[in-house]
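A.B. asks: One structure is given below, represented as structure tokens, and several questions about it will come after.
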Amino acid sequence: MTALRPHWEQMQPRERRIVVAGGAATLVLLLYALVWDPLTTSLGQMEQNVAAQRATLAWMQQAAVEARALRGTQGTGSAGRSLLALSDESAKAHKLGGAVKRVQPDGQHTVRIWLEDAAFADLLRWLDTLASRHGVKISGLTVERAPAAPARVNARVVLEMSS
């Protein structure tokens, strides 16, 4: 500082005011760039994160209500239908009605189904729907490639109503 003092004293009052004003402007710009801008940017990001997390929470609460509702109806199948009726209706809905060759009830909560020349993709969609929407457990599955065409299979499925 002492080296600047003689230079400062040699300046005209107008030059001193310009230097002081420039120093103040530089200080304000540094405060803005190093403190204010990062603070407001991070605050905006935090507000966006809170909004996203609130939306996720609302979705999770809705999903929990649906899960509780599904858990309550899981043991009865859809609308109290038997597993035999449910498997037959859903097989027809998934374009597997013609492939179903034999259906054998095995007790009150188990059904064995034989399919021939079924589209493999349709079979997988059908089994997924039974498990995810109707609470049916797939306790046995044997799949063999059908000799007729590619992507066609013969399958034996054992379905159980979850309890």
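For the structure tokens, the naming scheme is as follows: chains receive sequential letters (A, B, ...) according to their order of presentation, residues are indexed from 1 within each chain, and ligands are indexed from 1 in presentation order.
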Using DSSP on the backbone coordinates, identify all residues within chain A classified as alpha helix (DSSP H); present the result as a count of residues only.
C.D. replies: 89
A.B. asks: Would you mind listing what lies within 8 Å of range 138-148 of chain A as a PDB file with C-alpha atoms, in the first residue's frame, with only C-alpha atoms counted and same-chain residues fewer than 5 positions away left out?
C.D. replies:
```pdb
ATOM      1  CA  GLU A 116     -49.901 -75.986 -29.336  1.00  0.00           C
ATOM      2  CA  ASP A 117     -48.498 -73.797 -32.094  1.00  0.00           C
ATOM      3  CA  LEU A 127     -48.467 -64.946 -18.665  1.00  0.00           C
ATOM      4  CA  ALA A 131     -49.232 -62.505 -12.996  1.00  0.00           C
ATOM      5  CA  VAL A 153     -44.122 -72.910 -29.457  1.00  0.00           C
ATOM      6  CA  ASN A 154     -45.865 -75.758 -27.716  1.00  0.00           C
ATOM      7  CA  ALA A 155     -46.232 -75.120 -23.992  1.00  0.00           C
ATOM      8  CA  ARG A 156     -47.521 -76.677 -20.797  1.00  0.00           C
ATOM      9  CA  VAL A 157     -48.422 -74.184 -18.064  1.00  0.00           C
ATOM     10  CA  VAL A 158     -49.411 -74.743 -14.455  1.00  0.00           C
ATOM     11  CA  LEU A 159     -51.216 -71.743 -12.952  1.00  0.00           C
ATOM     12  CA  GLU A 160     -52.071 -71.194  -9.307  1.00  0.00           C
TER      13      GLU A 160
END
```
